[in-house]
>>> print(open('coords.tsv').read())   # TSV, C-alpha atoms and all ligand atoms
chain	number	residue	atom	x	y	z
A	1	SER	CA	177.34	-23.76	-21.58
A	2	GLU	CA	174.26	-21.54	-21.78
A	3	PRO	CA	171.48	-22.44	-19.36
A	4	LEU	CA	168.23	-23.59	-20.97
A	5	LEU	CA	166.26	-21.25	-18.75
A	6	GLU	CA	167.55	-18.12	-17.06
A	7	VAL	CA	165.41	-16.18	-14.60
A	8	THR	CA	166.79	-12.79	-13.54
A	9	ASP	CA	165.41	-10.59	-10.75
A	10	LEU	CA	161.90	-11.70	-11.70
A	11	LYS	CA	159.00	-9.94	-10.00
A	12	LYS	CA	155.29	-10.64	-10.23
A	13	HIS	CA	153.22	-8.20	-8.20
A	14	PHE	CA	149.43	-8.13	-8.16
A	15	ALA	CA	147.51	-4.93	-7.48
A	16	ILE	CA	144.88	-6.03	-4.97
A	17	ARG	CA	143.06	-2.94	-3.83
A	18	LYS	CA	143.92	0.72	-3.87
A	19	ASN	CA	147.45	1.08	-2.51
A	20	GLN	CA	147.82	-2.64	-1.86
A	21	THR	CA	150.29	-4.77	-3.74
A	22	LEU	CA	150.76	-8.48	-3.34
A	23	LYS	CA	154.40	-9.22	-4.06
A	24	ALA	CA	153.87	-12.87	-4.99
A	25	VAL	CA	157.29	-13.19	-6.62
A	26	ASP	CA	159.76	-10.54	-5.55
A	27	GLY	CA	163.16	-10.58	-7.20
A	28	VAL	CA	163.93	-14.22	-7.95
A	29	SER	CA	167.04	-15.28	-9.91
A	30	PHE	CA	168.17	-18.77	-10.93
A	31	ALA	CA	169.02	-20.81	-13.98
A	32	ILE	CA	168.25	-24.35	-15.11
A	33	LYS	CA	170.60	-26.40	-17.25
A	34	LYS	CA	169.34	-28.55	-20.09
A	35	GLY	CA	168.29	-31.95	-18.79
A	36	GLU	CA	168.19	-30.80	-15.17
A	37	MET	CA	165.42	-31.36	-12.62
A	38	LEU	CA	165.20	-28.33	-10.34
A	39	GLY	CA	162.97	-28.82	-7.31
A	40	LEU	CA	161.26	-25.75	-5.87
A	41	VAL	CA	159.83	-25.94	-2.36
A	42	GLY	CA	158.13	-23.69	0.14
A	43	GLU	CA	154.88	-23.44	2.12
A	44	SER	CA	151.68	-22.70	0.22
A	45	GLY	CA	151.36	-19.02	-0.64
A	46	CYS	CA	155.12	-18.48	-0.95
A	47	GLY	CA	154.87	-17.76	-4.68
A	48	LYS	CA	156.04	-21.06	-6.22
A	49	SER	CA	153.05	-21.49	-8.53
A	50	THR	CA	153.06	-17.82	-9.50
A	51	LEU	CA	156.75	-18.16	-10.36
A	52	GLY	CA	156.04	-21.24	-12.51
A	53	ARG	CA	153.17	-19.51	-14.27
A	54	THR	CA	155.12	-16.32	-14.89
A	55	ILE	CA	157.95	-18.37	-16.41
A	56	LEU	CA	155.41	-19.99	-18.77
A	57	ARG	CA	153.88	-16.58	-19.57
A	58	LEU	CA	150.51	-17.55	-18.14
A	59	TYR	CA	151.12	-14.32	-16.21
A	60	GLU	CA	152.74	-11.18	-17.53
A	61	ARG	CA	155.81	-10.33	-15.44
A	62	THR	CA	156.03	-7.13	-13.42
A	63	SER	CA	159.79	-6.75	-13.98
A	64	GLY	CA	162.94	-8.77	-14.49
A	65	SER	CA	163.34	-11.38	-17.19
A	66	VAL	CA	162.85	-15.02	-18.15
A	67	LYS	CA	165.11	-16.20	-20.94
A	68	PHE	CA	164.56	-19.51	-22.69
A	69	LYS	CA	167.58	-20.41	-24.84
A	70	GLY	CA	168.56	-16.76	-24.71
A	71	THR	CA	165.16	-15.40	-25.79
A	72	ASP	CA	163.23	-13.15	-23.41
A	73	VAL	CA	159.90	-15.03	-23.29
A	74	HIS	CA	157.93	-11.91	-22.33
A	75	LYS	CA	159.18	-9.97	-25.35
A	76	THR	CA	158.43	-12.23	-28.28
A	77	GLY	CA	156.53	-11.75	-31.50
A	78	GLN	CA	153.61	-13.99	-32.38
A	79	LYS	CA	155.61	-16.57	-34.29
A	80	GLN	CA	158.21	-16.95	-31.53
A	81	ALA	CA	155.44	-17.13	-28.95
A	82	LYS	CA	153.92	-20.09	-30.78
A	83	THR	CA	157.23	-21.93	-30.78
A	84	LEU	CA	157.63	-21.19	-27.07
A	85	ASN	CA	154.14	-22.53	-26.39
A	86	ARG	CA	155.34	-25.86	-27.73
A	87	SER	CA	158.73	-25.82	-26.03
A	88	MET	CA	157.44	-24.98	-22.54
A	89	GLN	CA	154.63	-27.05	-21.06
A	90	MET	CA	152.88	-27.41	-17.72
A	91	ILE	CA	151.72	-30.37	-15.65
A	92	PHE	CA	149.06	-29.43	-13.12
A	93	GLN	CA	148.42	-30.48	-9.53
A	94	ASP	CA	144.86	-31.54	-10.21
A	95	PRO	CA	144.81	-33.25	-13.59
A	96	TYR	CA	141.08	-33.83	-13.33
A	97	ALA	CA	140.28	-30.13	-13.24
A	98	SER	CA	142.39	-29.63	-16.34
A	99	LEU	CA	140.95	-32.52	-18.39
A	100	ASN	CA	137.77	-31.79	-20.33
A	101	PRO	CA	135.20	-34.29	-18.94
A	102	ARG	CA	133.38	-34.48	-22.29
A	103	SER	CA	136.42	-35.36	-24.36
A	104	VAL	CA	137.89	-38.81	-24.82
A	105	VAL	CA	141.52	-39.32	-23.92
A	106	MET	CA	142.52	-39.38	-27.60
A	107	ASP	CA	141.32	-35.80	-28.09
A	108	ILE	CA	142.59	-34.58	-24.73
A	109	ILE	CA	146.11	-35.79	-25.43
A	110	ALA	CA	145.99	-34.55	-29.03
A	111	GLU	CA	144.95	-31.04	-27.98
A	112	GLY	CA	148.39	-29.53	-28.57
A	113	ILE	CA	148.90	-31.63	-31.70
A	114	ASP	CA	145.72	-30.10	-33.13
A	115	ILE	CA	146.52	-26.54	-32.05
A	116	HIS	CA	149.97	-26.67	-33.59
A	117	GLN	CA	148.77	-28.78	-36.56
A	118	LEU	CA	151.53	-31.32	-36.05
A	119	TYR	CA	149.78	-34.48	-37.26
A	120	THR	CA	146.41	-35.51	-38.61
A	121	GLY	CA	144.58	-38.75	-39.37
A	122	SER	CA	146.34	-42.00	-38.62
A	123	ARG	CA	149.65	-40.30	-37.74
A	124	ARG	CA	147.81	-38.34	-35.03
A	125	LYS	CA	146.30	-41.55	-33.70
A	126	GLU	CA	149.62	-43.37	-33.69
A	127	LYS	CA	151.26	-40.47	-31.85
A	128	VAL	CA	148.61	-40.63	-29.11
A	129	TYR	CA	149.01	-44.42	-28.78
A	130	GLU	CA	152.74	-43.89	-28.51
A	131	LEU	CA	152.24	-41.25	-25.80
A	132	LEU	CA	149.90	-43.52	-23.85
A	133	GLN	CA	152.58	-46.18	-23.98
A	134	THR	CA	155.25	-43.71	-22.81
A	135	VAL	CA	153.26	-42.79	-19.70
A	136	GLY	CA	152.43	-46.40	-18.88
A	137	LEU	CA	148.85	-46.60	-20.14
A	138	GLY	CA	147.74	-48.87	-22.97
A	139	ALA	CA	146.40	-47.74	-26.32
A	140	GLU	CA	143.05	-49.31	-25.37
A	141	HIS	CA	142.42	-46.33	-23.08
A	142	ALA	CA	142.24	-43.83	-25.96
A	143	ASN	CA	138.46	-43.83	-26.24
A	144	ARG	CA	137.62	-43.56	-22.56
A	145	TYR	CA	136.60	-40.45	-20.62
A	146	PRO	CA	138.55	-38.82	-17.74
A	147	HIS	CA	136.07	-39.94	-15.05
A	148	GLU	CA	136.82	-43.57	-15.87
A	149	PHE	CA	140.38	-43.22	-14.58
A	150	SER	CA	142.00	-43.15	-11.14
A	151	GLY	CA	143.89	-40.07	-9.91
A	152	GLY	CA	147.26	-41.53	-10.85
A	153	GLN	CA	146.03	-42.50	-14.32
A	154	ARG	CA	144.65	-39.01	-14.85
A	155	GLN	CA	148.00	-37.53	-13.96
A	156	ARG	CA	149.57	-39.86	-16.56
A	157	ILE	CA	147.08	-38.49	-19.11
A	158	GLY	CA	148.04	-34.93	-18.11
A	159	ILE	CA	151.69	-35.83	-18.61
A	160	ALA	CA	150.97	-37.40	-22.01
A	161	ARG	CA	149.14	-34.24	-23.06
A	162	ALA	CA	152.15	-32.11	-22.04
A	163	LEU	CA	154.50	-34.41	-23.98
A	164	ALA	CA	152.38	-34.42	-27.14
A	165	VAL	CA	154.01	-31.30	-28.59
A	166	ASP	CA	157.57	-32.51	-27.85
A	167	PRO	CA	158.44	-29.85	-25.26
A	168	GLU	CA	161.94	-29.23	-23.92
A	169	PHE	CA	160.98	-27.70	-20.59
A	170	ILE	CA	158.15	-28.62	-18.23
A	171	VAL	CA	156.85	-26.87	-15.12
A	172	ALA	CA	155.30	-29.55	-12.93
A	173	ASP	CA	153.22	-27.71	-10.31
A	174	GLU	CA	152.76	-30.08	-7.38
A	175	PRO	CA	152.06	-33.00	-9.73
A	176	ILE	CA	151.92	-35.54	-6.91
A	177	SER	CA	150.48	-33.57	-3.99
A	178	ALA	CA	146.89	-34.70	-4.66
A	179	LEU	CA	147.78	-38.38	-5.11
A	180	ASP	CA	147.91	-41.29	-2.69
A	181	VAL	CA	151.37	-41.89	-1.29
A	182	SER	CA	151.57	-45.27	-3.05
A	183	ILE	CA	150.92	-43.59	-6.40
A	184	GLN	CA	153.25	-40.63	-5.80
A	185	GLU	CA	156.36	-42.72	-6.24
A	186	GLN	CA	155.13	-44.13	-9.55
A	187	ILE	CA	154.56	-40.66	-10.97
A	188	VAL	CA	157.92	-39.44	-9.65
A	189	ASN	CA	159.60	-42.43	-11.33
A	190	LEU	CA	157.80	-41.66	-14.58
A	191	LEU	CA	158.98	-38.04	-14.55
A	192	ARG	CA	162.53	-39.12	-13.73
A	193	LYS	CA	162.40	-41.59	-16.64
A	194	LEU	CA	161.23	-38.83	-19.01
A	195	GLN	CA	164.02	-36.58	-17.80
A	196	ARG	CA	166.65	-39.25	-18.46
A	197	GLU	CA	165.32	-40.77	-21.67
A	198	LYS	CA	164.09	-37.64	-23.41
A	199	GLY	CA	166.57	-35.17	-21.93
A	200	LEU	CA	163.64	-33.13	-20.61
A	201	THR	CA	164.25	-30.23	-18.25
A	202	PHE	CA	161.94	-29.75	-15.27
A	203	LEU	CA	160.95	-27.20	-12.69
A	204	PHE	CA	159.34	-29.48	-10.13
A	205	ILE	CA	157.23	-27.57	-7.60
A	206	ALA	CA	156.36	-29.17	-4.25
A	207	HIS	CA	155.34	-27.94	-0.81
A	208	ASP	CA	157.39	-30.56	0.95
A	209	LEU	CA	161.12	-31.26	0.84
A	210	SER	CA	160.60	-35.00	1.18
A	211	MET	CA	158.80	-35.02	-2.18
A	212	VAL	CA	161.65	-33.47	-4.14
A	213	ARG	CA	164.61	-35.06	-2.38
A	214	HIS	CA	165.05	-38.06	-4.64
A	215	ILE	CA	163.94	-36.48	-7.88
A	216	SER	CA	165.82	-33.18	-7.95
A	217	ASP	CA	169.35	-32.49	-9.10
A	218	ARG	CA	169.19	-29.12	-7.36
A	219	ILE	CA	166.64	-27.60	-5.01
A	220	GLY	CA	165.51	-24.02	-4.49
A	221	VAL	CA	163.71	-22.96	-1.31
A	222	MET	CA	161.20	-20.10	-1.42
A	223	TYR	CA	159.77	-18.01	1.38
A	224	LEU	CA	157.37	-15.09	0.96
A	225	GLY	CA	158.11	-14.45	-2.69
A	226	LYS	CA	161.90	-14.79	-2.36
A	227	LEU	CA	164.33	-17.55	-3.17
A	228	VAL	CA	166.29	-18.00	0.08
A	229	GLU	CA	168.53	-20.98	-0.71
A	230	LEU	CA	169.62	-22.85	-3.84
A	231	THR	CA	172.05	-25.74	-4.16
A	232	THR	CA	172.37	-29.41	-5.08
A	233	SER	CA	169.92	-31.80	-3.50
A	234	GLU	CA	172.79	-33.44	-1.62
A	235	ALA	CA	174.27	-30.23	-0.23
A	236	LEU	CA	170.86	-28.98	0.85
A	237	TYR	CA	170.22	-32.09	2.94
A	238	LYS	CA	173.72	-32.45	4.34
A	239	ASN	CA	174.59	-28.82	4.88
A	240	PRO	CA	171.59	-26.48	4.81
A	241	LEU	CA	172.60	-22.84	5.34
A	242	HIS	CA	169.37	-20.90	5.65
A	243	PRO	CA	167.49	-21.20	8.99
A	244	TYR	CA	164.24	-21.70	7.07
A	245	THR	CA	165.68	-24.65	5.18
A	246	GLU	CA	166.94	-26.07	8.49
A	247	ALA	CA	163.43	-25.84	9.90
A	248	LEU	CA	161.87	-27.48	6.83
A	249	LEU	CA	164.41	-30.29	6.97
A	250	SER	CA	163.94	-30.83	10.68
A	251	ALA	CA	160.24	-31.41	10.09
A	252	ILE	CA	160.72	-34.47	7.90
A	253	PRO	CA	161.89	-37.78	9.28
A	254	ILE	CA	165.11	-38.84	7.61
A	255	PRO	CA	166.10	-42.50	7.78
A	256	ASP	CA	169.78	-41.60	7.67
A	257	PRO	CA	171.83	-42.65	10.71
A	258	ASP	CA	174.55	-40.08	9.93
A	259	LEU	CA	172.10	-37.23	10.26
A	260	GLU	CA	169.81	-38.56	12.97
A	261	ASP	CA	171.72	-37.32	16.02
A	262	LYS	CA	172.47	-33.95	14.53
A	263	ARG	CA	168.91	-33.09	13.73
A	264	GLU	CA	166.41	-31.80	16.23
A	265	GLN	CA	163.02	-30.57	15.16
A	266	ILE	CA	162.98	-26.79	14.89
A	267	LEU	CA	159.50	-25.42	15.50
A	268	LEU	CA	158.92	-22.11	13.81
A	269	LYS	CA	156.98	-19.59	15.85
A	270	GLY	CA	154.02	-17.77	14.36
A	271	GLU	CA	152.44	-17.81	10.94
A	272	ILE	CA	153.83	-16.78	7.59
A	273	PRO	CA	153.30	-13.01	7.47
A	274	SER	CA	150.88	-11.70	4.85
A	275	PRO	CA	152.59	-11.11	1.52
A	276	LEU	CA	150.64	-7.82	1.50
A	277	SER	CA	152.86	-6.55	4.30
A	278	PRO	CA	156.11	-8.51	4.37
A	279	PRO	CA	158.60	-7.77	7.18
A	280	SER	CA	161.37	-5.24	6.57
A	281	GLY	CA	164.88	-6.53	6.00
A	282	CYS	CA	164.88	-10.32	5.91
A	283	VAL	CA	161.37	-11.64	5.11
A	284	PHE	CA	161.98	-14.62	7.39
A	285	ARG	CA	163.03	-12.63	10.46
A	286	THR	CA	159.67	-12.75	12.29
A	287	ARG	CA	159.98	-16.53	12.53
A	288	CYS	CA	163.74	-16.99	12.50
A	289	PRO	CA	165.26	-18.50	15.67
A	290	LYS	CA	168.58	-16.82	14.79
A	291	ALA	CA	167.36	-13.33	13.90
A	292	MET	CA	169.71	-10.46	14.77
A	293	GLU	CA	169.25	-6.72	14.86
A	294	ARG	CA	170.52	-6.16	11.35
A	295	CYS	CA	167.98	-8.67	9.99
A	296	ALA	CA	165.21	-6.08	10.44
A	297	LEU	CA	167.22	-3.36	8.74
A	298	ILE	CA	168.96	-4.90	5.75
A	299	GLU	CA	167.64	-7.39	3.24
A	300	PRO	CA	170.12	-10.25	2.83
A	301	GLN	CA	171.19	-10.96	-0.77
A	302	MET	CA	171.56	-14.37	-2.39
A	303	LEU	CA	175.33	-15.02	-2.22
A	304	GLU	CA	177.37	-18.05	-3.20
A	305	TYR	CA	178.87	-19.32	0.05
A	306	GLN	CA	180.21	-22.56	-1.34
A	307	PRO	CA	180.63	-23.33	-5.03
A	308	GLY	CA	177.11	-23.60	-6.39
A	309	HIS	CA	175.53	-23.14	-2.94
A	310	PHE	CA	173.56	-19.89	-2.63
A	311	ALA	CA	171.78	-18.51	0.42
A	312	ALA	CA	170.25	-15.21	1.50
A	313	CYS	CA	171.11	-14.85	5.20
A	314	HIS	CA	173.19	-12.40	7.25
A	315	LEU	CA	174.60	-15.21	9.40
A	316	TYR	CA	177.15	-16.08	6.74
A	317	GLU	CA	178.15	-12.68	5.54
A	318	GLY	CA	181.41	-12.60	7.52
A	319	THR	CA	182.47	-15.76	5.71
A	320	THR	CA	183.16	-13.88	2.48
A	321	PRO	CA	181.60	-15.84	-0.33
A	322	LYS	CA	184.01	-17.42	-2.78
A	323	HIS	CA	182.53	-15.91	-5.88
A	324	GLY	CA	180.95	-12.80	-4.38
A	325	GLU	CA	178.04	-11.05	-6.08
A	326	ALA	CA	174.49	-12.27	-6.34
A	327	ALA	CA	175.45	-14.75	-9.04
A	328	ALA	CA	172.64	-17.22	-8.55
A	329	THR	CA	171.98	-17.35	-12.28
A	330	HIS	CA	175.28	-19.07	-12.90
A	331	GLY	CA	174.58	-22.03	-10.63
B	401	LIG	FE1	167.37	-15.33	10.14
B	401	LIG	FE2	168.59	-13.00	9.88
B	401	LIG	FE3	169.31	-15.05	8.36
B	401	LIG	FE4	166.98	-13.83	7.98
B	401	LIG	S1	169.00	-12.95	7.69
B	401	LIG	S2	167.33	-15.99	8.00
B	401	LIG	S3	166.39	-13.34	10.08
B	401	LIG	S4	169.52	-14.88	10.58
B	402	MG	MG	150.57	-23.67	-5.62
>>> encode(input="coords.tsv", output="structure tokens", more="lines below")
Ligand code: SF4
Ligand code: MG
Amino acid sequence: SEPLLEVTDLKKHFAIRKNQTLKAVDGVSFAIKKGEMLGLVGESGCGKSTLGRTILRLYERTSGSVKFKGTDVHKTGQKQAKTLNRSMQMIFQDPYASLNPRSVVMDIIAEGIDIHQLYTGSRRKEKVYELLQTVGLGAEHANRYPHEFSGGQRQRIGIARALAVDPEFIVADEPISALDVSIQEQIVNLLRKLQREKGLTFLFIAHDLSMVRHISDRIGVMYLGKLVELTTSEALYKNPLHPYTEALLSAIPIPDPDLEDKREQILLKGEIPSPLSPPSGCVFRTRCPKAMERCALIEPQMLEYQPGHFAACHLYEGTTPKHGEAAATHG
């Protein structure tokens, strides 16, 4: 079946100064199936948020394409763009910054309803009450202001606002990173519930693999503007291929006796290079414990080394991928 979202060789470059280009997203390809939760991880500055925002057209792309149900989202007319604005929504890391402090929750949640003129009067009110219920807040909260809520409650309001226009696809950009650990799980459970009950499709962005492990069907790992590994959550944890993924995994404690002995912490040397001057060849080579000569010369392509398991690393190239080609979009 057709993927809901198909991203092909997407690039988002920013012109910084004369002759300087920041390649925030540099040739990323993947697809998301309807009803799937795709986790996207990587250190801050690796381009995850830029990727999410370019998919939602908050940024114009530099090249490549984003197709939603077969439609190139960056090439639409006004009417199509309006429909897409409803279908694709965003949940932000800091809900407080994105909630108007002078509006009551009723109006904040109804923002999209008003813009798209979906309901008015009592039907509008009922819809907001319903949404408050869905995200685990009572209708009695409708006339309160954002500052009267805790961080977790604000994130629930942000989620209700995103749901108000009945979207099909949501980019959640680090929705739990700013919350207390005890609250994080509640929000994760809420998103999982929405995925299951409403058939919603998510791109769930996080800086930490431990945050996406239990929520994602598949996980993509980004480094310096590139997607370097993509596979199911299970395969990524049990059999990571890319040395960067191995290092990320080794940094989180895993209460799994099967894996405990096998896993030693891998400390990466140095800092992430500036995206203004990424290394030649493999972007990870300056920190890779397994770098070889060819890693400086040739950029590794995303190849499918096991069914549905893609990685961009020269280490595996002798092992002739089953399906050949950079076919990441068909995962
Ligand atoms: Fe390391 Fe080379 Fe693989 Fe890059 S291509 S991750 S430098 S082994
Ligand atoms: Mg970010």
>>> axis_aligned_box(input="coords.tsv", around="ligand LIG 401 (chain B)", padding_each_side="8 Å", output="AutoDock Vina command-line options")
--center_x 168.0 --center_y -14.5 --center_z 9.1 --size_x 19.1 --size_y 19.0 --size_z 18.9
>>> atom_distance(input="coords.tsv", atom1="CA of His116 in chain A", atom2="CA of Ser65 in chain A")
26.1 Å
>>> residues_near_ligand(input="coords.tsv", ligand="ligand MG 402 (chain B)", cutoff="10 Å", atoms="all atoms listed in the file", output="JSON, numbers by chain")
{"A": [42, 43, 44, 45, 46, 47, 48, 49, 50, 51, 52, 53, 92, 93, 173, 174, 205, 206, 207]}
>>> closest_atom_pairs(input="coords.tsv", of="chain A", to="ligand LIG 401 (chain B)", cutoff="12 Å", atoms="all atoms listed in the file", output="tab-separated table")
residue	atom	partner	partner_atom	distance
A:Met222	CA	B:LIG401	S2	12.0
A:Tyr223	CA	B:LIG401	S2	10.2
A:Leu224	CA	B:LIG401	FE4	12.0
A:Lys226	CA	B:LIG401	FE4	11.6
A:Leu227	CA	B:LIG401	S2	11.7
A:Val228	CA	B:LIG401	S2	8.2
A:Glu229	CA	B:LIG401	S2	10.1
A:Pro240	CA	B:LIG401	S2	11.8
A:Leu241	CA	B:LIG401	FE3	9.0
A:His242	CA	B:LIG401	S2	5.8
A:Pro243	CA	B:LIG401	S2	5.3
A:Tyr244	CA	B:LIG401	S2	6.6
A:Thr245	CA	B:LIG401	S2	9.3
A:Glu246	CA	B:LIG401	S2	10.1
A:Ala247	CA	B:LIG401	S2	10.8
A:Leu268	CA	B:LIG401	FE1	11.4
A:Pro279	CA	B:LIG401	S3	10.0
A:Ser280	CA	B:LIG401	S3	10.2
A:Gly281	CA	B:LIG401	S1	7.8
A:Cys282	CA	B:LIG401	FE4	4.6
A:Val283	CA	B:LIG401	FE4	6.7
A:Phe284	CA	B:LIG401	FE4	5.1
A:Arg285	CA	B:LIG401	S3	3.5
A:Thr286	CA	B:LIG401	S3	7.1
A:Arg287	CA	B:LIG401	S3	7.6
A:Cys288	CA	B:LIG401	FE1	4.6
A:Pro289	CA	B:LIG401	FE1	6.7
A:Lys290	CA	B:LIG401	S4	4.7
A:Ala291	CA	B:LIG401	S3	3.9
A:Met292	CA	B:LIG401	FE2	5.6
A:Glu293	CA	B:LIG401	FE2	8.0
A:Arg294	CA	B:LIG401	FE2	7.3
A:Cys295	CA	B:LIG401	FE2	4.4
A:Ala296	CA	B:LIG401	S3	7.4
A:Leu297	CA	B:LIG401	FE2	9.8
A:Ile298	CA	B:LIG401	S1	8.3
A:Glu299	CA	B:LIG401	S1	7.3
A:Pro300	CA	B:LIG401	S1	5.7
A:Gln301	CA	B:LIG401	S1	9.0
A:Met302	CA	B:LIG401	S1	10.5
A:Leu303	CA	B:LIG401	S1	11.9
A:Ala311	CA	B:LIG401	FE3	9.0
A:Ala312	CA	B:LIG401	S1	6.7
A:Cys313	CA	B:LIG401	FE3	3.6
A:His314	CA	B:LIG401	S1	4.2
A:Leu315	CA	B:LIG401	S4	5.2
A:Tyr316	CA	B:LIG401	FE3	8.1
A:Glu317	CA	B:LIG401	S1	9.4
>>> closest_residue(input="coords.tsv", among="A:Ser29, A:Leu5, A:Pro273, A:Ala139", to="Thr71 in chain A", atoms="only C-alpha atoms")
A:Leu5
>>> atom_distance(input="coords.tsv", atom1="CA of Glu234 in chain A", atom2="CA of Leu191 in chain A")
19.5 Å
>>> atom_distance(input="coords.tsv", atom1="CA of Ala251 in chain A", atom2="CA of Gln265 in chain A")
5.8 Å
>>> closest_residue(input="coords.tsv", among="A:Gln89, A:Val7, A:Phe68, A:Ala160", to="Leu190 in chain A", atoms="only C-alpha atoms")
A:Ala160
>>> residues_around(input="coords.tsv", residues="Phe149 in chain A", least_positions_apart="3", cutoff="12 Å", atoms="all atoms listed in the file", output="count of residues only")
20
